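Undergrad: This is work15.pdb (PDB, C-alpha atoms and all ligand atoms).
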```pdb
MODEL        1
ATOM      1  CA  MET A  24     335.911 176.776  70.930
ATOM      2  CA  LYS A  25     338.746 179.301  71.343
ATOM      3  CA  VAL A  26     337.769 182.309  73.410
ATOM      4  CA  ASN A  27     340.200 185.214  73.001
ATOM      5  CA  GLY A  28     340.331 189.003  73.380
ATOM      6  CA  SER A  29     338.213 189.533  70.260
ATOM      7  CA  THR A  30     335.402 187.083  71.151
ATOM      8  CA  GLN A  31     331.990 188.753  70.957
ATOM      9  CA  LEU A  32     329.207 188.098  73.434
ATOM     10  CA  LEU A  33     325.732 186.647  72.810
ATOM     11  CA  GLY A  34     323.281 185.012  75.186
ATOM     12  CA  ILE A  35     319.809 184.024  76.268
ATOM     13  CA  LEU A  36     317.996 186.085  78.858
ATOM     14  CA  GLY A  37     315.380 184.358  80.988
ATOM     15  CA  ASN A  38     314.523 182.682  84.257
ATOM     16  CA  PRO A  39     314.778 179.725  84.748
ATOM     17  CA  LEU A  40     317.371 178.690  82.162
ATOM     18  CA  SER A  41     318.380 175.293  83.483
ATOM     19  CA  HIS A  42     316.865 173.431  80.503
ATOM     20  CA  THR A  43     317.775 175.796  77.681
ATOM     21  CA  ALA A  44     319.303 174.233  74.557
ATOM     22  CA  SER A  45     320.175 177.586  72.961
ATOM     23  CA  PRO A  46     323.782 177.953  74.286
ATOM     24  CA  ALA A  47     324.681 174.440  73.083
ATOM     25  CA  MET A  48     323.048 175.088  69.683
ATOM     26  CA  HIS A  49     324.606 178.508  69.008
ATOM     27  CA  ASN A  50     328.073 177.640  70.360
ATOM     28  CA  SER A  51     328.161 174.505  68.225
ATOM     29  CA  VAL A  52     327.301 176.516  65.084
ATOM     30  CA  CYS A  53     329.860 179.265  65.956
ATOM     31  CA  GLN A  54     332.515 176.609  66.368
ATOM     32  CA  GLN A  55     331.725 174.892  63.093
ATOM     33  CA  LEU A  56     331.610 178.158  61.138
ATOM     34  CA  LYS A  57     334.689 179.474  62.978
ATOM     35  CA  VAL A  58     333.009 182.764  63.873
ATOM     36  CA  ASN A  59     334.349 184.366  67.041
ATOM     37  CA  TYR A  60     331.290 184.533  69.324
ATOM     38  CA  ILE A  61     330.332 182.892  72.586
ATOM     39  CA  TYR A  62     326.693 182.412  73.664
ATOM     40  CA  VAL A  63     325.948 182.248  77.397
ATOM     41  CA  PRO A  64     322.915 181.994  79.719
ATOM     42  CA  ILE A  65     321.951 185.393  81.202
ATOM     43  CA  HIS A  66     319.924 184.547  84.261
ATOM     44  CA  ILE A  67     318.190 187.608  85.710
ATOM     45  CA  THR A  68     315.301 188.353  88.029
ATOM     46  CA  ASN A  69     312.312 190.483  87.054
ATOM     47  CA  ASP A  70     313.145 193.623  89.018
ATOM     48  CA  ASP A  71     316.590 193.709  87.320
ATOM     49  CA  LEU A  72     315.357 193.877  83.718
ATOM     50  CA  GLU A  73     316.028 197.554  82.944
ATOM     51  CA  ASN A  74     319.438 197.636  84.688
ATOM     52  CA  SER A  75     320.404 194.353  83.073
ATOM     53  CA  LEU A  76     319.813 195.761  79.593
ATOM     54  CA  THR A  77     321.985 198.793  80.389
ATOM     55  CA  SER A  78     324.712 196.513  81.747
ATOM     56  CA  LEU A  79     324.604 194.199  78.718
ATOM     57  CA  LYS A  80     325.044 197.230  76.445
ATOM     58  CA  ARG A  81     328.011 198.471  78.523
ATOM     59  CA  LEU A  82     329.528 195.004  78.355
ATOM     60  CA  ASN A  83     329.198 195.262  74.557
ATOM     61  CA  TYR A  84     326.885 192.274  74.043
ATOM     62  CA  LYS A  85     326.055 191.950  70.334
ATOM     63  CA  GLY A  86     322.621 190.485  71.032
ATOM     64  CA  PHE A  87     320.592 187.970  72.973
ATOM     65  CA  ASN A  88     317.510 185.802  72.791
ATOM     66  CA  VAL A  89     314.667 186.327  75.233
ATOM     67  CA  THR A  90     312.637 183.551  76.810
ATOM     68  CA  ILE A  91     310.105 183.016  79.620
ATOM     69  CA  PRO A  92     309.129 185.219  81.462
ATOM     70  CA  TYR A  93     310.504 188.333  79.699
ATOM     71  CA  LYS A  94     309.256 188.113  76.092
ATOM     72  CA  GLU A  95     306.569 190.744  76.761
ATOM     73  CA  SER A  96     307.845 192.649  79.792
ATOM     74  CA  ILE A  97     311.105 193.572  78.026
ATOM     75  CA  LEU A  98     309.348 195.750  75.409
ATOM     76  CA  PRO A  99     309.368 199.080  77.324
ATOM     77  CA  PHE A 100     313.142 198.826  77.846
ATOM     78  CA  LEU A 101     314.100 198.421  74.182
ATOM     79  CA  ASP A 102     315.194 201.346  71.980
ATOM     80  CA  LYS A 103     313.363 200.069  68.878
ATOM     81  CA  ILE A 104     310.917 197.243  68.125
ATOM     82  CA  ASP A 105     310.349 195.931  64.634
ATOM     83  CA  THR A 106     306.812 196.102  63.222
ATOM     84  CA  LYS A 107     305.957 192.433  63.614
ATOM     85  CA  ALA A 108     307.271 192.177  67.198
ATOM     86  CA  LYS A 109     305.290 195.307  68.046
ATOM     87  CA  ARG A 110     302.138 193.770  66.543
ATOM     88  CA  LEU A 111     302.686 190.578  68.566
ATOM     89  CA  GLY A 112     303.616 192.468  71.733
ATOM     90  CA  ALA A 113     306.526 190.083  72.275
ATOM     91  CA  VAL A 114     310.186 189.724  71.270
ATOM     92  CA  ASN A 115     312.482 186.721  71.336
ATOM     93  CA  THR A 116     315.581 188.259  69.730
ATOM     94  CA  VAL A 117     317.325 191.523  70.642
ATOM     95  CA  VAL A 118     320.218 192.903  68.587
ATOM     96  CA  ASN A 119     322.654 195.715  69.370
ATOM     97  CA  GLU A 120     322.388 197.968  66.319
ATOM     98  CA  ASN A 121     324.547 201.115  66.656
ATOM     99  CA  ASP A 122     324.308 200.970  70.437
ATOM    100  CA  GLN A 123     320.514 200.603  70.345
ATOM    101  CA  TRP A 124     318.637 197.517  71.522
ATOM    102  CA  VAL A 125     316.359 196.479  68.661
ATOM    103  CA  GLY A 126     313.721 193.782  69.314
ATOM    104  CA  TYR A 127     312.511 191.158  66.832
ATOM    105  CA  ASN A 128     310.196 188.146  67.002
ATOM    106  CA  THR A 129     311.388 185.116  64.997
ATOM    107  CA  ASP A 130     309.018 182.522  66.531
ATOM    108  CA  GLY A 131     306.527 182.432  63.648
ATOM    109  CA  GLN A 132     309.171 182.611  60.947
ATOM    110  CA  GLY A 133     311.192 179.918  62.762
ATOM    111  CA  PHE A 134     308.132 177.661  62.747
ATOM    112  CA  LEU A 135     307.781 178.221  58.994
ATOM    113  CA  GLU A 136     311.491 177.843  58.277
ATOM    114  CA  ALA A 137     311.456 174.343  59.801
ATOM    115  CA  LEU A 138     308.316 173.387  57.872
ATOM    116  CA  GLU A 139     309.912 174.522  54.601
ATOM    117  CA  LYS A 140     313.265 172.886  55.328
ATOM    118  CA  GLU A 141     311.925 169.578  56.649
ATOM    119  CA  SER A 142     308.863 168.904  54.508
ATOM    120  CA  ASN A 143     307.222 169.620  51.167
ATOM    121  CA  PHE A 144     304.259 171.294  52.850
ATOM    122  CA  GLN A 145     303.298 174.618  51.217
ATOM    123  CA  VAL A 146     301.177 176.769  53.536
ATOM    124  CA  GLU A 147     299.607 179.053  50.922
ATOM    125  CA  ASN A 148     295.845 178.409  50.470
ATOM    126  CA  THR A 149     295.744 175.731  53.192
ATOM    127  CA  ARG A 150     293.232 175.424  56.020
ATOM    128  CA  VAL A 151     294.889 175.419  59.452
ATOM    129  CA  CYS A 152     293.744 174.430  62.957
ATOM    130  CA  ILE A 153     295.870 175.674  65.834
ATOM    131  CA  ILE A 154     295.299 174.292  69.322
ATOM    132  CA  GLY A 155     296.284 176.934  71.878
ATOM    133  CA  ALA A 156     295.911 180.690  72.090
ATOM    134  CA  GLY A 157     299.068 181.692  73.982
ATOM    135  CA  GLY A 158     302.190 183.546  72.860
ATOM    136  CA  SER A 159     303.473 180.968  70.399
ATOM    137  CA  ALA A 160     300.012 180.376  68.860
ATOM    138  CA  ARG A 161     299.744 184.104  68.306
ATOM    139  CA  ALA A 162     303.161 184.396  66.589
ATOM    140  CA  ILE A 163     302.493 181.371  64.380
ATOM    141  CA  ALA A 164     298.939 182.389  63.452
ATOM    142  CA  ASP A 165     300.185 185.852  62.456
ATOM    143  CA  THR A 166     302.935 184.385  60.244
ATOM    144  CA  LEU A 167     300.623 181.819  58.614
ATOM    145  CA  LEU A 168     298.030 184.477  57.791
ATOM    146  CA  GLU A 169     300.823 186.649  56.340
ATOM    147  CA  GLU A 170     301.784 183.640  54.224
ATOM    148  CA  LYS A 171     298.227 183.581  52.821
ATOM    149  CA  ILE A 172     296.678 180.478  54.371
ATOM    150  CA  GLU A 173     293.037 180.172  53.350
ATOM    151  CA  SER A 174     291.496 179.994  56.848
ATOM    152  CA  LEU A 175     292.294 179.437  60.507
ATOM    153  CA  VAL A 176     290.483 177.747  63.402
ATOM    154  CA  ILE A 177     291.783 178.611  66.874
ATOM    155  CA  ILE A 178     290.958 175.854  69.373
ATOM    156  CA  ASN A 179     291.486 176.582  73.043
ATOM    157  CA  ARG A 180     290.481 175.498  76.542
ATOM    158  CA  THR A 181     289.671 179.091  77.553
ATOM    159  CA  ILE A 182     287.389 180.323  74.766
ATOM    160  CA  GLU A 183     287.776 183.977  75.807
ATOM    161  CA  LYS A 184     291.500 183.824  75.051
ATOM    162  CA  ALA A 185     290.784 182.330  71.640
ATOM    163  CA  ARG A 186     288.262 185.115  70.968
ATOM    164  CA  LEU A 187     290.773 187.794  71.992
ATOM    165  CA  LEU A 188     293.421 186.337  69.697
ATOM    166  CA  ALA A 189     290.969 185.992  66.786
ATOM    167  CA  ASP A 190     289.804 189.604  67.225
ATOM    168  CA  THR A 191     293.401 190.879  67.200
ATOM    169  CA  LEU A 192     294.259 188.852  64.087
ATOM    170  CA  LYS A 193     291.121 190.079  62.316
ATOM    171  CA  THR A 194     292.347 193.676  62.594
ATOM    172  CA  ASN A 195     295.309 192.770  60.356
ATOM    173  CA  PHE A 196     294.085 189.949  58.128
ATOM    174  CA  THR A 197     291.019 189.297  55.972
ATOM    175  CA  GLN A 198     290.969 185.483  55.906
ATOM    176  CA  ARG A 199     288.236 183.509  57.708
ATOM    177  CA  ILE A 200     289.198 183.015  61.393
ATOM    178  CA  GLU A 201     286.982 180.883  63.633
ATOM    179  CA  ILE A 202     287.269 179.922  67.289
ATOM    180  CA  LYS A 203     286.274 176.669  68.985
ATOM    181  CA  SER A 204     286.405 175.345  72.504
ATOM    182  CA  ILE A 205     288.547 172.243  72.913
ATOM    183  CA  THR A 206     285.391 170.423  74.063
ATOM    184  CA  ASP A 207     283.232 171.559  71.099
ATOM    185  CA  PRO A 208     281.354 168.509  69.667
ATOM    186  CA  SER A 209     281.992 169.749  66.100
ATOM    187  CA  LEU A 210     285.769 169.852  66.597
ATOM    188  CA  SER A 211     286.378 166.666  64.579
ATOM    189  CA  MET A 212     284.737 168.251  61.542
ATOM    190  CA  SER A 213     287.081 171.261  61.638
ATOM    191  CA  LEU A 214     290.120 169.039  62.177
ATOM    192  CA  ASN A 215     289.117 166.695  59.376
ATOM    193  CA  ASP A 216     288.579 169.615  57.013
ATOM    194  CA  SER A 217     292.028 171.141  57.629
ATOM    195  CA  HIS A 218     295.448 170.464  56.081
ATOM    196  CA  LEU A 219     297.730 171.497  58.951
ATOM    197  CA  ILE A 220     296.992 170.878  62.669
ATOM    198  CA  ILE A 221     299.300 172.484  65.206
ATOM    199  CA  ASN A 222     299.650 171.762  68.911
ATOM    200  CA  ALA A 223     300.624 175.084  70.505
ATOM    201  CA  THR A 224     299.727 174.034  74.063
ATOM    202  CA  SER A 225     302.033 172.560  76.676
ATOM    203  CA  LEU A 226     299.947 169.357  76.788
ATOM    204  CA  GLY A 227     302.311 166.462  76.165
ATOM    205  CA  MET A 228     305.430 168.223  77.405
ATOM    206  CA  TYR A 229     307.787 166.617  79.945
ATOM    207  CA  PRO A 230     306.990 165.787  82.764
ATOM    208  CA  ASN A 231     303.363 165.506  81.502
ATOM    209  CA  GLN A 232     304.194 163.468  78.409
ATOM    210  CA  HIS A 233     301.186 161.200  79.045
ATOM    211  CA  THR A 234     298.821 164.122  78.227
ATOM    212  CA  CYS A 235     297.522 165.127  74.796
ATOM    213  CA  PRO A 236     295.505 168.169  73.636
ATOM    214  CA  LEU A 237     292.931 165.935  71.888
ATOM    215  CA  ASN A 238     291.158 162.754  73.018
ATOM    216  CA  ASP A 239     289.645 161.853  69.680
ATOM    217  CA  PHE A 240     291.721 161.241  66.531
ATOM    218  CA  SER A 241     289.011 159.445  64.531
ATOM    219  CA  TRP A 242     289.138 162.353  62.014
ATOM    220  CA  ILE A 243     292.805 161.843  61.083
ATOM    221  CA  LYS A 244     293.851 160.955  57.525
ATOM    222  CA  LYS A 245     297.217 160.331  55.868
ATOM    223  CA  THR A 246     296.938 163.695  54.145
ATOM    224  CA  HIS A 247     296.905 165.695  57.383
ATOM    225  CA  PHE A 248     300.135 167.332  58.559
ATOM    226  CA  LEU A 249     300.569 167.416  62.354
ATOM    227  CA  TYR A 250     303.052 169.873  63.896
ATOM    228  CA  ASP A 251     303.750 169.845  67.646
ATOM    229  CA  LEU A 252     305.667 172.778  69.161
ATOM    230  CA  ILE A 253     306.853 170.551  71.991
ATOM    231  CA  TYR A 254     310.462 169.346  71.669
ATOM    232  CA  ASN A 255     310.751 167.459  74.948
ATOM    233  CA  PRO A 256     309.854 164.696  74.306
ATOM    234  CA  GLU A 257     310.382 164.775  70.550
ATOM    235  CA  GLU A 258     307.671 162.108  70.071
ATOM    236  CA  THR A 259     304.521 163.287  71.834
ATOM    237  CA  LEU A 260     301.224 161.405  72.007
ATOM    238  CA  PHE A 261     299.847 163.986  69.534
ATOM    239  CA  LEU A 262     302.558 163.215  66.950
ATOM    240  CA  ASN A 263     302.275 159.517  67.643
ATOM    241  CA  GLU A 264     298.757 159.586  66.152
ATOM    242  CA  ALA A 265     300.238 160.894  62.884
ATOM    243  CA  TYR A 266     303.020 158.321  63.029
ATOM    244  CA  LYS A 267     300.512 155.462  63.519
ATOM    245  CA  ILE A 268     298.590 156.339  60.366
ATOM    246  CA  GLY A 269     301.631 157.366  58.296
ATOM    247  CA  ALA A 270     300.728 161.074  58.159
ATOM    248  CA  PRO A 271     303.547 163.650  57.875
ATOM    249  CA  HIS A 272     304.514 165.336  61.129
ATOM    250  CA  LEU A 273     307.147 167.583  62.705
ATOM    251  CA  SER A 274     308.234 168.163  66.315
ATOM    252  CA  GLY A 275     309.115 171.434  68.039
ATOM    253  CA  THR A 276     312.837 170.723  67.621
ATOM    254  CA  GLY A 277     312.381 172.034  64.075
ATOM    255  CA  MET A 278     310.927 175.345  65.287
ATOM    256  CA  LEU A 279     313.678 175.657  67.907
ATOM    257  CA  ALA A 280     316.285 175.191  65.185
ATOM    258  CA  GLY A 281     314.400 177.572  62.869
ATOM    259  CA  GLN A 282     314.243 180.456  65.330
ATOM    260  CA  GLY A 283     317.909 179.867  66.251
ATOM    261  CA  TYR A 284     318.879 179.924  62.571
ATOM    262  CA  LEU A 285     317.123 183.291  62.098
ATOM    263  CA  ALA A 286     318.469 184.806  65.350
ATOM    264  CA  PHE A 287     322.026 183.775  64.423
ATOM    265  CA  GLU A 288     321.764 185.745  61.196
ATOM    266  CA  TYR A 289     320.498 188.811  63.087
ATOM    267  CA  PHE A 290     323.387 188.529  65.589
ATOM    268  CA  THR A 291     326.289 187.768  63.254
ATOM    269  CA  GLN A 292     325.106 188.854  59.777
ATOM    270  CA  THR A 293     326.229 185.363  58.739
ATOM    271  CA  LYS A 294     323.864 182.828  57.189
ATOM    272  CA  ALA A 295     324.538 179.364  58.607
ATOM    273  CA  PRO A 296     322.912 176.191  57.216
ATOM    274  CA  TYR A 297     319.681 175.278  59.053
ATOM    275  CA  GLU A 298     320.950 171.683  59.271
ATOM    276  CA  LEU A 299     323.766 172.760  61.647
ATOM    277  CA  PHE A 300     321.216 174.055  64.165
ATOM    278  CA  ARG A 301     319.111 170.902  63.813
ATOM    279  CA  ALA A 302     322.123 168.607  64.270
ATOM    280  CA  ALA A 303     323.361 170.567  67.307
ATOM    281  CA  LEU A 304     319.946 170.136  68.947
ATOM    282  CA  GLU A 305     319.879 166.432  68.181
ATOM    283  CA  ASP A 306     323.293 166.139  69.879
ATOM    284  CA  PHE A 307     322.108 168.151  72.870
ATOM    285  CA  PHE A 308     318.952 166.084  73.399
ATOM    286  CA  SER A 309     320.593 162.669  72.800
TER     287      SER A 309
HETATM  288  P1  LIG B 401     301.424 180.010  76.773
HETATM  289  O1  LIG B 401     301.517 179.822  78.248
HETATM  290  O2  LIG B 401     301.448 181.385  76.217
HETATM  291  O3  LIG B 401     300.082 179.262  76.241
HETATM  292  C1  LIG B 401     299.774 177.979  76.695
HETATM  293  C2  LIG B 401     298.593 177.404  75.928
HETATM  294  O4  LIG B 401     298.408 176.043  76.372
HETATM  295  C3  LIG B 401     297.262 178.116  76.174
HETATM  296  O5  LIG B 401     296.496 178.099  75.010
HETATM  297  C4  LIG B 401     296.614 177.266  77.279
HETATM  298  O6  LIG B 401     295.205 177.306  77.274
HETATM  299  C5  LIG B 401     297.067 175.874  76.839
HETATM  300  N1  LIG B 401     297.060 174.947  77.986
HETATM  301  C6  LIG B 401     297.948 174.900  79.010
HETATM  302  N2  LIG B 401     297.591 173.909  79.871
HETATM  303  C7  LIG B 401     296.462 173.341  79.381
HETATM  304  C8  LIG B 401     295.616 172.277  79.819
HETATM  305  N3  LIG B 401     295.883 171.599  80.944
HETATM  306  N4  LIG B 401     294.542 171.948  79.060
HETATM  307  C9  LIG B 401     294.272 172.620  77.906
HETATM  308  N5  LIG B 401     295.031 173.651  77.442
HETATM  309  C10 LIG B 401     296.116 174.000  78.171
HETATM  310  O7  LIG B 401     302.612 179.109  76.165
HETATM  311  P2  LIG B 401     303.413 179.287  74.796
HETATM  312  O8  LIG B 401     302.488 179.667  73.717
HETATM  313  O9  LIG B 401     304.603 180.119  75.032
HETATM  314  O10 LIG B 401     303.968 177.793  74.579
HETATM  315  C11 LIG B 401     303.097 176.732  74.215
HETATM  316  C12 LIG B 401     303.920 175.478  73.926
HETATM  317  O11 LIG B 401     304.815 175.726  72.849
HETATM  318  C13 LIG B 401     304.802 175.036  75.095
HETATM  319  O12 LIG B 401     304.791 173.627  75.138
HETATM  320  C14 LIG B 401     306.192 175.515  74.717
HETATM  321  O13 LIG B 401     307.210 174.717  75.253
HETATM  322  C15 LIG B 401     306.138 175.360  73.201
HETATM  323  N6  LIG B 401     307.057 176.262  72.517
HETATM  324  C16 LIG B 401     307.978 175.717  71.657
HETATM  325  C17 LIG B 401     308.838 176.504  70.958
HETATM  326  C18 LIG B 401     309.826 175.868  70.029
HETATM  327  O14 LIG B 401     310.775 176.561  69.589
HETATM  328  N7  LIG B 401     309.660 174.616  69.684
HETATM  329  C19 LIG B 401     308.830 177.983  71.103
HETATM  330  C20 LIG B 401     307.800 178.467  71.990
HETATM  331  C21 LIG B 401     306.964 177.628  72.686
HETATM  332  P3  LIG B 401     294.409 178.379  78.160
HETATM  333  O15 LIG B 401     294.369 179.646  77.343
HETATM  334  O16 LIG B 401     293.074 177.771  78.340
HETATM  335  O17 LIG B 401     295.155 178.542  79.454
ENDMDL
END
```
Could you quickly redo this structure as structure tokens?
Ligand code: NDP
TA:
Amino acid sequence: MKVNGSTQLLGILGNPLSHTASPAMHNSVCQQLKVNYIYVPIHITNDDLENSLTSLKRLNYKGFNVTIPYKESILPFLDKIDTKAKRLGAVNTVVNENDQWVGYNTDGQGFLEALEKESNFQVENTRVCIIGAGGSARAIADTLLEEKIESLVIINRTIEKARLLADTLKTNFTQRIEIKSITDPSLSMSLNDSHLIINATSLGMYPNQHTCPLNDFSWIKKTHFLYDLIYNPEETLFLNEAYKIGAPHLSGTGMLAGQGYLAFEYFTQTKAPYELFRAALEDFFS
């Protein structure tokens, strides 16, 4: 990568950033496409958020991604927020548009992008179970309902959080949305009856890779599609159940590549092949 006087600045804003794969992914794509950008970690502390945004504008940053813990707290400091990000109350991509910080949320679309690029699964008219009711579950549920899935079951440890998410979604969408506790005895029936089952919890993620959101997989069939948002490790216990039976499945590396692919286009107005993001991540994690 040749950095010169015309190199434009991009980055990822968060804390901590020690494990982020985004700089490696974006810099690899910039290098391969020969576009003159550099993507760096922007490590800030919470009480610095407003000043940091002013400084990044003065330093002429073209844009940045946002990760834990600022996806929600950054909203009041942005000049504009696109409709979907506003609805979700969270942004993961901020772009400098005519000296204004404009916030977007590409998490749900990134999830879908990977599914479309890496499988033949068509979400329209499908029945979906999502395990988890946090920020990523919310973004994905919103996108899937927009894409006209038939129905959604939100499964969560804390039922109140599932109820809150379902109530919010019901104000925007008309499809059937149910909630279930992760310990509900009728869970297997809902899982068996669905086409796509998503793990949107941190259960199974390093260093707790021996954990799994579900204990019982007796419901699983070859026709189910299992999607885990976790990318470290790439093969979780949840996905291993799909692998054992020969059911299609996808890890969170796909979603990571998908949201990077969409953010890159926002930042550079250049469309890069999804496969470049995927390959850069494979390199990074190998
Ligand atoms: P949140 O903290 O917003 O939500 C966490 C969810 O996990 C909640 O539903 C929570 O349930 C559940 N959970 C956590 N611990 C347990 C437990 N011990 N038992 C049962 N449920 C539990 O996280 P996010 O939505 O931001 O992220 C969720 C996962 O998705 C993470 O693993 C993250 O790394 C991954 N992710 C991947 C991305 C990608 O690009 N591949 C992008 C974003 C996230 P409760 O409500 O009961 O607390």
Undergrad: For region 227-235 of chain A, work out the shell of residues within 12 Å, counting all atoms listed in the file and skipping chain neighbours fewer than 6 positions away, then give it as a list in words.
TA: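 Once the adjacent positions are removed, what remains is His42, Ile154, Ile205, Asp251, Leu252, Ile253, Tyr254, Asn255, Pro256, Glu257, Glu258, Thr259, Leu260, Phe261, Leu262, Asn263, Glu264, Ser274 and Gly275 of chain A.
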Undergrad: Quick one: which residues end up in the PyMOL selection byres (((not hetatm)) within 6 of (chain B and resi 401)) for this structure, as number ranges by chain?
TA: A: 155-160, 179-181, 184, 223-226, 228, 252-254, 275-276, 278-279
Undergrad: Go through the shown structure with the PyMOL selection byres (((chain A and resi 166) around 10) and not hetatm) and write out the matching residues as a count of residues only.
TA: 20
Undergrad: Can you tell me which residues surround Asp190 (chain A) at a distance of at most 12 Å, considering all atoms listed in the file, apart from same-chain residues fewer than 2 positions away, and format the answer as a PyMOL selection string?
TA: chain A and resi 156+161+177+183-188+192-197+199-202
Undergrad: Tell me which residues the PyMOL selection byres (((chain A and resi 70-74) around 10) and not hetatm) grabs here, as a ChimeraX atom specification.
TA: /A:36-37,67-69,75-80,93,96-97,99-101
Undergrad: For a cutoff of 10 Å around the file-coordinate point (284.1, 175.1, 66.7), which residues qualify once you count all atoms listed in the file? I'd like the result as number ranges by chain.
TA: A: 176-179, 201-214
Undergrad: Keeping only C-alpha atoms, write the selected residues to a file as a PDB file, in the frame of the given file.
TA:
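Here's the written file selection_30.pdb:
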```pdb
ATOM      1  CA  VAL A 176     290.483 177.747  63.402  1.00  0.00           C
ATOM      2  CA  ILE A 177     291.783 178.611  66.874  1.00  0.00           C
ATOM      3  CA  ILE A 178     290.958 175.854  69.373  1.00  0.00           C
ATOM      4  CA  ASN A 179     291.486 176.582  73.043  1.00  0.00           C
ATOM      5  CA  GLU A 201     286.982 180.883  63.633  1.00  0.00           C
ATOM      6  CA  ILE A 202     287.269 179.922  67.289  1.00  0.00           C
ATOM      7  CA  LYS A 203     286.274 176.669  68.985  1.00  0.00           C
ATOM      8  CA  SER A 204     286.405 175.345  72.504  1.00  0.00           C
ATOM      9  CA  ILE A 205     288.547 172.243  72.913  1.00  0.00           C
ATOM     10  CA  THR A 206     285.391 170.423  74.063  1.00  0.00           C
ATOM     11  CA  ASP A 207     283.232 171.559  71.099  1.00  0.00           C
ATOM     12  CA  PRO A 208     281.354 168.509  69.667  1.00  0.00           C
ATOM     13  CA  SER A 209     281.992 169.749  66.100  1.00  0.00           C
ATOM     14  CA  LEU A 210     285.769 169.852  66.597  1.00  0.00           C
ATOM     15  CA  SER A 211     286.378 166.666  64.579  1.00  0.00           C
ATOM     16  CA  MET A 212     284.737 168.251  61.542  1.00  0.00           C
ATOM     17  CA  SER A 213     287.081 171.261  61.638  1.00  0.00           C
ATOM     18  CA  LEU A 214     290.120 169.039  62.177  1.00  0.00           C
TER      19      LEU A 214
END
```
Undergrad: Just need the box for region 117-129 of chain A, edges along x, y and z, holding every atom the file lists for it with 5 Å tacked onto each side, so centre and edge lengths in Å to one decimal, as AutoDock Vina command-line options.
TA:
```
--center_x 317.4 --center_y 193.1 --center_z 68.3 --size_x 24.4 --size_y 26.0 --size_z 16.5
```
Undergrad: Measuring atom to atom with only C-alpha atoms, identify which of A:Leu273, A:Ala108, A:Val89, A:Cys53 is nearest to Val26 (chain A).
TA: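 Ranked by minimum distance to Val26 (chain A), first place goes to A:Cys53.
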Undergrad: Give me the residues within 9 Å of Glu95 (chain A) as a list in words, counting only C-alpha atoms and dropping any in the same chain fewer than 2 places off.
TA: Ile91, Pro92, Tyr93, Ile97, Leu98, Pro99, Gly112, Ala113, Val114 and Asn115 of chain A
Undergrad: Once you count all atoms listed in the file, which residues end up no further than 9 Å from (318.1, 170.1, 64.2) in the file's frame, shown as a list of chain:residue names?
TA: A:Met48, A:Thr276, A:Gly277, A:Met278, A:Leu279, A:Ala280, A:Gly281, A:Tyr297, A:Glu298, A:Leu299, A:Phe300, A:Arg301, A:Ala302, A:Ala303, A:Leu304, A:Glu305, A:Asp306
Undergrad: For the atom pair CA of Gln31 (chain A) and CA of Leu111 (chain A), what is the interatomic distance in Å to one decimal place?
TA: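 Value for the CA of Gln31 (chain A)-CA of Leu111 (chain A) distance: 29.5 Å.
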Undergrad: Find, counting all atoms listed in the file, the residue in A:Asn222, A:Asn215, A:Thr149, A:Gly28 that gets nearest to Trp242 (chain A).
TA: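 With all atoms listed in the file as the atom set, the closest residue is A:Asn215.
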Undergrad: Could you please determine the separation between CA of Ser309 (chain A) and CA of Val52 (chain A) in Å, to one decimal place?
TA: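 Result for CA of Ser309 (chain A) versus CA of Val52 (chain A): 17.2 Å, one decimal.
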Undergrad: State, in Å with one decimal place, the distance from CA of Ser45 (chain A) to CA of Gly283 (chain A).
TA: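 Computing it gives 7.4 Å between the two atoms.
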Undergrad: Using only C-alpha atoms, which of A:Val117, A:Gly126, A:Gln198, A:Asn50 sits nearest Glu147 (chain A)?
TA: A:Gln198
Undergrad: Neighbouring residues of Gln54 (chain A) were defined as those with any atom within 6 Å, considering only C-alpha atoms; residues of the same chain fewer than 3 positions away were excluded. Please report them as an NGL selection string.
TA: :A and (24 or 51 or 57)
Undergrad: Since the input has fewer atoms than a full residue there, write region 267-272 of chain A out with N, CA, C and O atoms, as a PDB file, keeping the file's coordinate frame.
TA:
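Below you can see result-v4.pdb, which holds the result:
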```
ATOM      1  N   LYS A 267     301.255 156.732  63.613  1.00  0.00           N
ATOM      2  CA  LYS A 267     300.512 155.462  63.519  1.00  0.00           C
ATOM      3  C   LYS A 267     299.836 155.303  62.161  1.00  0.00           C
ATOM      4  O   LYS A 267     299.777 154.228  61.604  1.00  0.00           O
ATOM      5  N   ILE A 268     299.353 156.423  61.618  1.00  0.00           N
ATOM      6  CA  ILE A 268     298.590 156.339  60.366  1.00  0.00           C
ATOM      7  C   ILE A 268     299.472 156.635  59.137  1.00  0.00           C
ATOM      8  O   ILE A 268     299.032 156.497  57.986  1.00  0.00           O
ATOM      9  N   GLY A 269     300.713 157.055  59.404  1.00  0.00           N
ATOM     10  CA  GLY A 269     301.631 157.366  58.296  1.00  0.00           C
ATOM     11  C   GLY A 269     301.433 158.769  57.744  1.00  0.00           C
ATOM     12  O   GLY A 269     301.749 159.050  56.582  1.00  0.00           O
ATOM     13  N   ALA A 270     300.910 159.670  58.588  1.00  0.00           N
ATOM     14  CA  ALA A 270     300.728 161.074  58.159  1.00  0.00           C
ATOM     15  C   ALA A 270     302.002 161.864  58.459  1.00  0.00           C
ATOM     16  O   ALA A 270     302.694 161.585  59.447  1.00  0.00           O
ATOM     17  N   PRO A 271     302.333 162.862  57.627  1.00  0.00           N
ATOM     18  CA  PRO A 271     303.547 163.650  57.875  1.00  0.00           C
ATOM     19  C   PRO A 271     303.434 164.449  59.174  1.00  0.00           C
ATOM     20  O   PRO A 271     302.336 164.896  59.538  1.00  0.00           O
ATOM     21  N   HIS A 272     304.539 164.623  59.849  1.00  0.00           N
ATOM     22  CA  HIS A 272     304.514 165.336  61.129  1.00  0.00           C
ATOM     23  C   HIS A 272     305.890 165.919  61.444  1.00  0.00           C
ATOM     24  O   HIS A 272     306.896 165.476  60.891  1.00  0.00           O
TER      25      HIS A 272
END
```
